[in-house]
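Report on the following structure.
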Amino acid sequence: MAFDPDTGEPAALLDGRAITAARTGACSALSARLLAREDATVLAVLGTGVQARSHARAICRVRPIREIRIAGRDPAKAAVLAEELSAALEGHVRAVSSYAEALDGADIAAATTHAVEPVIRRSWLTPGVHITSVGYNPAGREVDDATVIEALVCVESRQAVLAPFPAGSNDLLMPILGGLITADHVHAELGELIAGHRAGRTTPDQITLYKSVGVAAQDAAATALVLASAREQSIGEEITLR
């Protein structure tokens, strides 16, 4: 439900799931635009759900992706997603049998899982890879300690990602609690990269990691964009409240 910020009146009823999927994928694509190598052509998508779809579509808009590898817990779902994306995107899309296979040689990795054990492991990564991690499971994590320690870590919001469990990110909170890193290991927020207050990638072989936990302000901004576009195109049904 969207409300008029000036009057508080209801302005629109929209599909929140669709907006959140698009917004999350867009933020990960922004991180790739800011941090991934310019010549990144191979994308690994880990997961087979709504976010896997939105991430594949969004990241292909910011880098010249020529190959997409899909891996998930269910090989049948991975195959279905590969077929779906093949019809919608340019380049070769294929399902692979394991996360390790998907990551081998990948320039960008999009983790969109509900994993308990890490699906991003340092030993599976190629130098120079950019990782986006948006999955959340209070019982586990997507990214292993070795990757977090070595990577240049960026987030959408330090406050959100470092919030006490269960609100923050286990991917960062666990190595902090284990004494492996400190909160200062978070290099930058996306806004700081955009504004030029912080530098992004410094070498071709540097591993970069964007960790997202979702920020309500981004959903509100995305909703405002959808609502404005709907009004411009006269899309939707007008309802009078009495």
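For the structure tokens, the naming scheme is as follows: chains receive sequential letters (A, B, ...) according to their order of presentation, residues are indexed from 1 within each chain, and ligands are indexed from 1 in presentation order.
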Find the residues around Asp205 (chain A) up to 8 Å (only C-alpha atoms counted), leave out those fewer than 6 positions away in its own chain, and share them as a PyMOL selection string.
-> chain A and resi 127-129
Include C-alpha atoms and write out the residues we just selected as an mmCIF file, in the first residue's frame.
data_model
loop_
_atom_site.group_PDB
_atom_site.id
_atom_site.type_symbol
_atom_site.label_atom_id
_atom_site.label_comp_id
_atom_site.auth_asym_id
_atom_site.auth_seq_id
_atom_site.Cartn_x
_atom_site.Cartn_y
_atom_site.Cartn_z
ATOM 1 C CA PRO A 127 40.219 -13.683 -9.163
ATOM 2 C CA GLY A 128 38.375 -10.482 -10.011
ATOM 3 C CA VAL A 129 34.867 -11.812 -9.444
#
Write out as an NGL selection string each polymer residue whose atoms come within 10 Å of Gly168 (chain A), counting only C-alpha atoms; drop sequence neighbours fewer than 5 positions from it.
-> :A and (136 or 138 or 158-163 or 173 or 212-214)
How would the residues just picked look written out with N, CA and C atoms as a compact mmCIF listing (two decimals), in the first residue's frame?
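This went into part-v1.txt:
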# COMPACT_ATOMS: atom_id res chain seq x y z
N TYR A 136 18.80 -14.74 2.54
CA TYR A 136 18.78 -14.63 4.01
C TYR A 136 18.17 -15.89 4.60
N PRO A 138 18.01 -17.12 8.80
CA PRO A 138 18.49 -16.86 10.15
C PRO A 138 19.34 -17.99 10.72
N ARG A 158 25.09 0.44 6.16
CA ARG A 158 25.84 -0.15 7.27
C ARG A 158 24.90 -0.45 8.45
N GLN A 159 24.03 0.50 8.74
CA GLN A 159 23.12 0.34 9.87
C GLN A 159 22.27 -0.92 9.71
N ALA A 160 21.78 -1.15 8.49
CA ALA A 160 20.91 -2.31 8.26
C ALA A 160 21.69 -3.61 8.31
N VAL A 161 22.83 -3.67 7.66
CA VAL A 161 23.55 -4.93 7.53
C VAL A 161 24.23 -5.33 8.84
N LEU A 162 24.54 -4.35 9.69
CA LEU A 162 25.22 -4.63 10.96
C LEU A 162 24.27 -4.61 12.15
N ALA A 163 22.97 -4.51 11.89
CA ALA A 163 21.99 -4.53 12.97
C ALA A 163 22.06 -5.87 13.70
N LEU A 173 27.92 -10.57 10.34
CA LEU A 173 27.86 -10.63 11.80
C LEU A 173 28.64 -11.82 12.35
N SER A 212 23.41 -7.41 0.62
CA SER A 212 22.14 -6.68 0.77
C SER A 212 21.23 -7.38 1.76
N VAL A 213 20.59 -6.60 2.61
CA VAL A 213 19.57 -7.15 3.50
C VAL A 213 18.21 -6.50 3.25
N GLY A 214 18.17 -5.53 2.34
CA GLY A 214 16.91 -4.84 2.05
C GLY A 214 16.72 -3.64 2.94
Skip Ala32 (chain A) itself and residues of its chain fewer than 6 positions away, then list as a PyMOL selection string all residues within 9 Å of it, counting only C-alpha atoms.
-> chain A and resi 59+62-63+108+130-132+210
Saved selection, atoms kept: N, CA, C and O atoms, as a PDB file, in the first residue's frame:
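Now in selection-v4.pdb:
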ATOM      1  N   ILE A  59      21.251  -7.696 -14.143  1.00  0.00           N
ATOM      2  CA  ILE A  59      22.703  -7.637 -14.324  1.00  0.00           C
ATOM      3  C   ILE A  59      23.077  -7.630 -15.799  1.00  0.00           C
ATOM      4  O   ILE A  59      24.065  -7.000 -16.196  1.00  0.00           O
ATOM      5  N   VAL A  62      23.720  -4.175 -17.322  1.00  0.00           N
ATOM      6  CA  VAL A  62      24.853  -3.314 -16.966  1.00  0.00           C
ATOM      7  C   VAL A  62      26.210  -3.882 -17.376  1.00  0.00           C
ATOM      8  O   VAL A  62      27.222  -3.185 -17.278  1.00  0.00           O
ATOM      9  N   ARG A  63      26.250  -5.125 -17.805  1.00  0.00           N
ATOM     10  CA  ARG A  63      27.491  -5.728 -18.263  1.00  0.00           C
ATOM     11  C   ARG A  63      27.208  -6.600 -19.486  1.00  0.00           C
ATOM     12  O   ARG A  63      26.089  -7.128 -19.632  1.00  0.00           O
ATOM     13  N   ILE A 108      30.882 -12.546 -12.496  1.00  0.00           N
ATOM     14  CA  ILE A 108      29.903 -12.024 -11.537  1.00  0.00           C
ATOM     15  C   ILE A 108      29.123 -13.197 -10.981  1.00  0.00           C
ATOM     16  O   ILE A 108      28.747 -14.113 -11.730  1.00  0.00           O
ATOM     17  N   HIS A 130      33.001 -10.323  -9.030  1.00  0.00           N
ATOM     18  CA  HIS A 130      32.135  -9.495  -8.201  1.00  0.00           C
ATOM     19  C   HIS A 130      30.970 -10.348  -7.725  1.00  0.00           C
ATOM     20  O   HIS A 130      30.323 -11.035  -8.528  1.00  0.00           O
ATOM     21  N   ILE A 131      30.688 -10.317  -6.426  1.00  0.00           N
ATOM     22  CA  ILE A 131      29.648 -11.142  -5.821  1.00  0.00           C
ATOM     23  C   ILE A 131      28.530 -10.248  -5.313  1.00  0.00           C
ATOM     24  O   ILE A 131      28.772  -9.220  -4.678  1.00  0.00           O
ATOM     25  N   THR A 132      27.293 -10.632  -5.604  1.00  0.00           N
ATOM     26  CA  THR A 132      26.146 -10.014  -4.963  1.00  0.00           C
ATOM     27  C   THR A 132      25.456 -11.093  -4.138  1.00  0.00           C
ATOM     28  O   THR A 132      25.239 -12.203  -4.627  1.00  0.00           O
ATOM     29  N   TYR A 210      29.050  -7.362  -2.631  1.00  0.00           N
ATOM     30  CA  TYR A 210      27.929  -6.510  -2.228  1.00  0.00           C
ATOM     31  C   TYR A 210      26.962  -7.361  -1.434  1.00  0.00           C
ATOM     32  O   TYR A 210      26.420  -8.349  -1.931  1.00  0.00           O
TER      33      TYR A 210
END
Using only C-alpha atoms, determine which residues lie at most 9 Å from Asn137 (chain A), disregarding the query and same-chain residues fewer than 6 positions distant; provide the list as JSON, numbers by chain.
-> {"A": [113, 114, 115, 116, 170]}
The selected residues should be written to file as a PDB file, in the first residue's frame (atoms: all heavy atoms).
ATOM      1  N   THR A 113      19.810 -17.315  -2.533  1.00  0.00           N
ATOM      2  CA  THR A 113      19.364 -18.582  -1.965  1.00  0.00           C
ATOM      3  C   THR A 113      18.829 -18.417  -0.548  1.00  0.00           C
ATOM      4  O   THR A 113      18.928 -17.349   0.065  1.00  0.00           O
ATOM      5  CB  THR A 113      20.521 -19.590  -1.930  1.00  0.00           C
ATOM      6  OG1 THR A 113      21.457 -19.206  -0.892  1.00  0.00           O
ATOM      7  CG2 THR A 113      21.254 -19.657  -3.262  1.00  0.00           C
ATOM      8  N   HIS A 114      18.317 -19.517  -0.025  1.00  0.00           N
ATOM      9  CA  HIS A 114      17.898 -19.620   1.380  1.00  0.00           C
ATOM     10  C   HIS A 114      18.847 -20.583   2.088  1.00  0.00           C
ATOM     11  O   HIS A 114      18.452 -21.342   2.969  1.00  0.00           O
ATOM     12  CB  HIS A 114      16.457 -20.125   1.451  1.00  0.00           C
ATOM     13  CG  HIS A 114      15.825 -20.016   2.807  1.00  0.00           C
ATOM     14  ND1 HIS A 114      15.645 -18.816   3.447  1.00  0.00           N
ATOM     15  CD2 HIS A 114      15.346 -20.959   3.646  1.00  0.00           C
ATOM     16  CE1 HIS A 114      15.077 -19.026   4.619  1.00  0.00           C
ATOM     17  NE2 HIS A 114      14.882 -20.321   4.770  1.00  0.00           N
ATOM     18  N   ALA A 115      20.102 -20.541   1.695  1.00  0.00           N
ATOM     19  CA  ALA A 115      21.075 -21.537   2.134  1.00  0.00           C
ATOM     20  C   ALA A 115      21.403 -21.415   3.620  1.00  0.00           C
ATOM     21  O   ALA A 115      21.430 -20.326   4.190  1.00  0.00           O
ATOM     22  CB  ALA A 115      22.348 -21.419   1.319  1.00  0.00           C
ATOM     23  N   VAL A 116      21.676 -22.567   4.226  1.00  0.00           N
ATOM     24  CA  VAL A 116      22.203 -22.614   5.583  1.00  0.00           C
ATOM     25  C   VAL A 116      23.728 -22.626   5.545  1.00  0.00           C
ATOM     26  O   VAL A 116      24.395 -21.902   6.279  1.00  0.00           O
ATOM     27  CB  VAL A 116      21.681 -23.854   6.336  1.00  0.00           C
ATOM     28  CG1 VAL A 116      22.346 -23.971   7.703  1.00  0.00           C
ATOM     29  CG2 VAL A 116      20.166 -23.781   6.493  1.00  0.00           C
ATOM     30  N   ASN A 170      23.998 -12.319   8.660  1.00  0.00           N
ATOM     31  CA  ASN A 170      24.879 -13.322   9.250  1.00  0.00           C
ATOM     32  C   ASN A 170      26.209 -13.408   8.514  1.00  0.00           C
ATOM     33  O   ASN A 170      27.238 -13.757   9.111  1.00  0.00           O
ATOM     34  CB  ASN A 170      24.214 -14.703   9.227  1.00  0.00           C
ATOM     35  CG  ASN A 170      23.204 -14.881  10.340  1.00  0.00           C
ATOM     36  OD1 ASN A 170      23.184 -14.105  11.295  1.00  0.00           O
ATOM     37  ND2 ASN A 170      22.359 -15.898  10.230  1.00  0.00           N
TER      38      ASN A 170
END
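Proximity of A:Ser234, A:Ser28, A:Thr223, A:Ser86 to Met1 (chain A), computed with only C-alpha atoms, is greatest for A:Thr223.
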Pick from A:Gly140, A:Gly191, A:Gly72, A:Pro175: nearest to Ser157 (chain A), with only C-alpha atoms counted?
-> A:Gly191
Could you tell me which of A:Gly49, A:Pro75, A:Pro5, A:Pro204 comes closest to Asp107 (chain A) if we count only C-alpha atoms?
->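 Answer, going by the shortest atom-to-atom distance: A:Pro204.
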Near Arg66 (chain A), within 8 Å and counting only C-alpha atoms, which residues show up once chain neighbours fewer than 5 positions away are dropped, as a PyMOL selection string?
-> chain A and resi 41-42+90-92
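Atom pair CA of Ile207 (chain A) / CA of Cys154 (chain A) has a distance of 11.3 Å (rounded to one decimal).
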Could you check how far CA of Leu152 (chain A) sits from CA of Pro166 (chain A), in Å to one decimal?
->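 Between these atoms lies a distance of 23.7 Å.
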May I have all residues of region 57-143 of chain A that DSSP, computed from the backbone, assigns to strand (DSSP E), given as an MDAnalysis selection string?
-> chainID A and resid 67:71 92:95 108:111 130:133
Select, from A:Glu83, A:Asp4, A:Glu9, A:Asp171, the residue with the minimum atom-to-atom distance to Leu241 (chain A), counting only C-alpha atoms.
->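 With only C-alpha atoms as the atom set, the closest residue is A:Glu9.
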Long-range neighbours of Ala56 (chain A) as a ChimeraX atom specification, 12 Å cut-off, only C-alpha atoms, 3 positions minimum in chain = /A:21-22,24-26,28-29,32,42-53,59-63,65-70,81-82,84-86,88-91,93,108-112,132
Please identify all polymer residues within 12 Å of Glu192 (chain A), counting only C-alpha atoms, omitting same-chain residues fewer than 4 positions from it, and present them as a PyMOL selection string.
-> chain A and resi 31+34+154-158+186-188+196-200
DSSP-assigned alpha helix (DSSP H) among region 47-170 of chain A, expressed as a ChimeraX atom specification = /A:50-59,75-88,99-103,145-150,158-161,170
Let's have the selection written as a compact mmCIF listing (two decimals), in the first residue's frame, with N, CA, C and O atoms.
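Generated file (part-v4.txt):
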# COMPACT_ATOMS: atom_id res chain seq x y z
N VAL A 50 12.35 -16.24 -7.45
CA VAL A 50 12.00 -14.93 -7.99
C VAL A 50 13.23 -14.03 -8.10
O VAL A 50 13.43 -13.34 -9.11
N GLN A 51 14.06 -14.02 -7.07
CA GLN A 51 15.23 -13.15 -7.08
C GLN A 51 16.27 -13.61 -8.11
O GLN A 51 16.97 -12.78 -8.71
N ALA A 52 16.37 -14.90 -8.34
CA ALA A 52 17.29 -15.38 -9.38
C ALA A 52 16.89 -14.81 -10.73
O ALA A 52 17.74 -14.36 -11.52
N ARG A 53 15.62 -14.81 -11.01
CA ARG A 53 15.11 -14.27 -12.28
C ARG A 53 15.40 -12.77 -12.40
O ARG A 53 15.88 -12.29 -13.42
N SER A 54 15.07 -12.03 -11.35
CA SER A 54 15.24 -10.58 -11.43
C SER A 54 16.72 -10.20 -11.53
O SER A 54 17.09 -9.24 -12.21
N HIS A 55 17.58 -10.96 -10.86
CA HIS A 55 19.01 -10.65 -10.89
C HIS A 55 19.60 -10.92 -12.27
O HIS A 55 20.41 -10.13 -12.77
N ALA A 56 19.24 -12.03 -12.89
CA ALA A 56 19.76 -12.33 -14.22
C ALA A 56 19.36 -11.23 -15.20
O ALA A 56 20.20 -10.74 -15.98
N ARG A 57 18.11 -10.82 -15.16
CA ARG A 57 17.63 -9.79 -16.09
C ARG A 57 18.31 -8.44 -15.82
O ARG A 57 18.71 -7.74 -16.75
N ALA A 58 18.45 -8.08 -14.55
CA ALA A 58 19.00 -6.77 -14.22
C ALA A 58 20.49 -6.68 -14.52
O ALA A 58 20.97 -5.68 -15.08
N ILE A 59 21.25 -7.70 -14.14
CA ILE A 59 22.70 -7.64 -14.32
C ILE A 59 23.08 -7.63 -15.80
O ILE A 59 24.06 -7.00 -16.20
N PRO A 75 17.77 -29.57 -9.43
CA PRO A 75 18.23 -29.50 -10.83
C PRO A 75 17.09 -29.25 -11.81
O PRO A 75 17.29 -28.57 -12.82
N ALA A 76 15.90 -29.76 -11.52
CA ALA A 76 14.77 -29.56 -12.43
C ALA A 76 14.39 -28.09 -12.49
O ALA A 76 14.10 -27.55 -13.57
N LYS A 77 14.38 -27.41 -11.34
CA LYS A 77 14.05 -25.99 -11.32
C LYS A 77 15.14 -25.17 -12.02
O LYS A 77 14.84 -24.17 -12.69
N ALA A 78 16.39 -25.58 -11.87
CA ALA A 78 17.48 -24.89 -12.56
C ALA A 78 17.32 -25.00 -14.06
O ALA A 78 17.54 -24.03 -14.80
N ALA A 79 16.91 -26.18 -14.52
CA ALA A 79 16.71 -26.40 -15.96
C ALA A 79 15.56 -25.55 -16.49
O ALA A 79 15.64 -24.96 -17.57
N VAL A 80 14.49 -25.47 -15.72
CA VAL A 80 13.33 -24.65 -16.12
C VAL A 80 13.72 -23.19 -16.21
O VAL A 80 13.36 -22.48 -17.17
N LEU A 81 14.46 -22.70 -15.22
CA LEU A 81 14.87 -21.30 -15.23
C LEU A 81 15.81 -21.02 -16.40
O LEU A 81 15.71 -19.97 -17.05
N ALA A 82 16.73 -21.94 -16.67
CA ALA A 82 17.64 -21.75 -17.79
C ALA A 82 16.88 -21.64 -19.11
O ALA A 82 17.19 -20.79 -19.95
N GLU A 83 15.87 -22.48 -19.27
CA GLU A 83 15.06 -22.43 -20.50
C GLU A 83 14.30 -21.10 -20.59
O GLU A 83 14.21 -20.49 -21.66
N GLU A 84 13.75 -20.65 -19.45
CA GLU A 84 13.00 -19.40 -19.42
C GLU A 84 13.89 -18.21 -19.78
O GLU A 84 13.51 -17.35 -20.58
N LEU A 85 15.08 -18.16 -19.19
CA LEU A 85 15.98 -17.04 -19.43
C LEU A 85 16.57 -17.08 -20.83
O LEU A 85 16.87 -16.04 -21.43
N SER A 86 16.73 -18.28 -21.38
CA SER A 86 17.24 -18.41 -22.75
C SER A 86 16.32 -17.72 -23.74
O SER A 86 16.78 -17.14 -24.74
N ALA A 87 15.02 -17.77 -23.45
CA ALA A 87 14.05 -17.15 -24.35
C ALA A 87 13.98 -15.64 -24.18
O ALA A 87 13.51 -14.93 -25.07
N ALA A 88 14.47 -15.15 -23.04
CA ALA A 88 14.33 -13.72 -22.74
C ALA A 88 15.61 -12.93 -22.88
O ALA A 88 15.57 -11.71 -23.08
N TYR A 99 27.01 -25.52 -7.36
CA TYR A 99 27.41 -24.13 -7.17
C TYR A 99 28.86 -23.94 -7.58
O TYR A 99 29.21 -22.93 -8.20
N ALA A 100 29.71 -24.89 -7.25
CA ALA A 100 31.12 -24.79 -7.60
C ALA A 100 31.31 -24.70 -9.11
O ALA A 100 32.12 -23.91 -9.61
N GLU A 101 30.56 -25.50 -9.86
CA GLU A 101 30.66 -25.47 -11.31
C GLU A 101 30.18 -24.13 -11.87
O GLU A 101 30.78 -23.58 -12.80
N ALA A 102 29.12 -23.60 -11.29
CA ALA A 102 28.61 -22.31 -11.75
C ALA A 102 29.63 -21.20 -11.52
O ALA A 102 29.77 -20.29 -12.35
N LEU A 103 30.35 -21.26 -10.40
CA LEU A 103 31.27 -20.19 -10.02
C LEU A 103 32.62 -20.29 -10.71
O LEU A 103 33.35 -19.30 -10.77
N ASP A 145 33.62 -17.34 5.43
CA ASP A 145 34.51 -16.39 6.08
C ASP A 145 35.65 -15.96 5.17
O ASP A 145 35.99 -14.76 5.11
N ALA A 146 36.27 -16.90 4.48
CA ALA A 146 37.45 -16.59 3.68
C ALA A 146 37.13 -15.56 2.60
O ALA A 146 37.94 -14.66 2.33
N THR A 147 35.95 -15.67 2.00
CA THR A 147 35.56 -14.71 0.97
C THR A 147 35.33 -13.33 1.58
O THR A 147 35.80 -12.32 1.04
N VAL A 148 34.63 -13.28 2.70
CA VAL A 148 34.36 -12.00 3.36
C VAL A 148 35.66 -11.32 3.77
O VAL A 148 35.85 -10.11 3.56
N ILE A 149 36.58 -12.08 4.31
CA ILE A 149 37.85 -11.52 4.78
C ILE A 149 38.64 -10.91 3.62
O ILE A 149 39.21 -9.83 3.74
N GLU A 150 38.67 -11.59 2.48
CA GLU A 150 39.50 -11.15 1.36
C GLU A 150 38.83 -10.07 0.51
O GLU A 150 39.51 -9.27 -0.13
N ARG A 158 25.09 0.44 6.16
CA ARG A 158 25.84 -0.15 7.27
C ARG A 158 24.90 -0.45 8.45
O ARG A 158 24.99 -1.49 9.08
N GLN A 159 24.03 0.50 8.74
CA GLN A 159 23.12 0.34 9.87
C GLN A 159 22.27 -0.92 9.71
O GLN A 159 22.07 -1.67 10.67
N ALA A 160 21.78 -1.15 8.49
CA ALA A 160 20.91 -2.31 8.26
C ALA A 160 21.69 -3.61 8.31
O ALA A 160 21.27 -4.58 8.94
N VAL A 161 22.83 -3.67 7.66
CA VAL A 161 23.55 -4.93 7.53
C VAL A 161 24.23 -5.33 8.84
O VAL A 161 24.45 -6.51 9.10
N ASN A 170 24.00 -12.32 8.66
CA ASN A 170 24.88 -13.32 9.25
C ASN A 170 26.21 -13.41 8.51
O ASN A 170 27.24 -13.76 9.11
Of the candidates A:Ala106, A:Cys27, A:Ala12, A:Leu209, which shows the shortest atom-to-atom distance to Leu125 (chain A), using only C-alpha atoms?
-> A:Ala106
Quick one: distance from CA of Gly105 (chain A) to CA of Leu180 (chain A) in Å, one decimal?
->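 Value for the CA of Gly105 (chain A)-CA of Leu180 (chain A) distance: 27.1 Å.
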Considering only C-alpha atoms, tabulate each residue of region 1-93 of chain A that lies at most 10 Å from region 236-239 of chain A along with its nearest interatomic pair and the corresponding distance in Å to one decimal; arrange the rows by chain and ascending residue number and present them as JSON lines.
{"residue": "A:Ala11", "atom": "CA", "partner": "A:Ile239", "partner_atom": "CA", "distance": 9.8}
{"residue": "A:Ala12", "atom": "CA", "partner": "A:Glu238", "partner_atom": "CA", "distance": 9.0}
{"residue": "A:Leu13", "atom": "CA", "partner": "A:Gly236", "partner_atom": "CA", "distance": 9.8}
{"residue": "A:Leu14", "atom": "CA", "partner": "A:Gly236", "partner_atom": "CA", "distance": 9.6}
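Between Arg37 (chain A) and the residues A:Gly179, A:Gln206, A:Ser97, A:Ala216, the shortest atom-to-atom distance, using only C-alpha atoms, involves A:Gln206.
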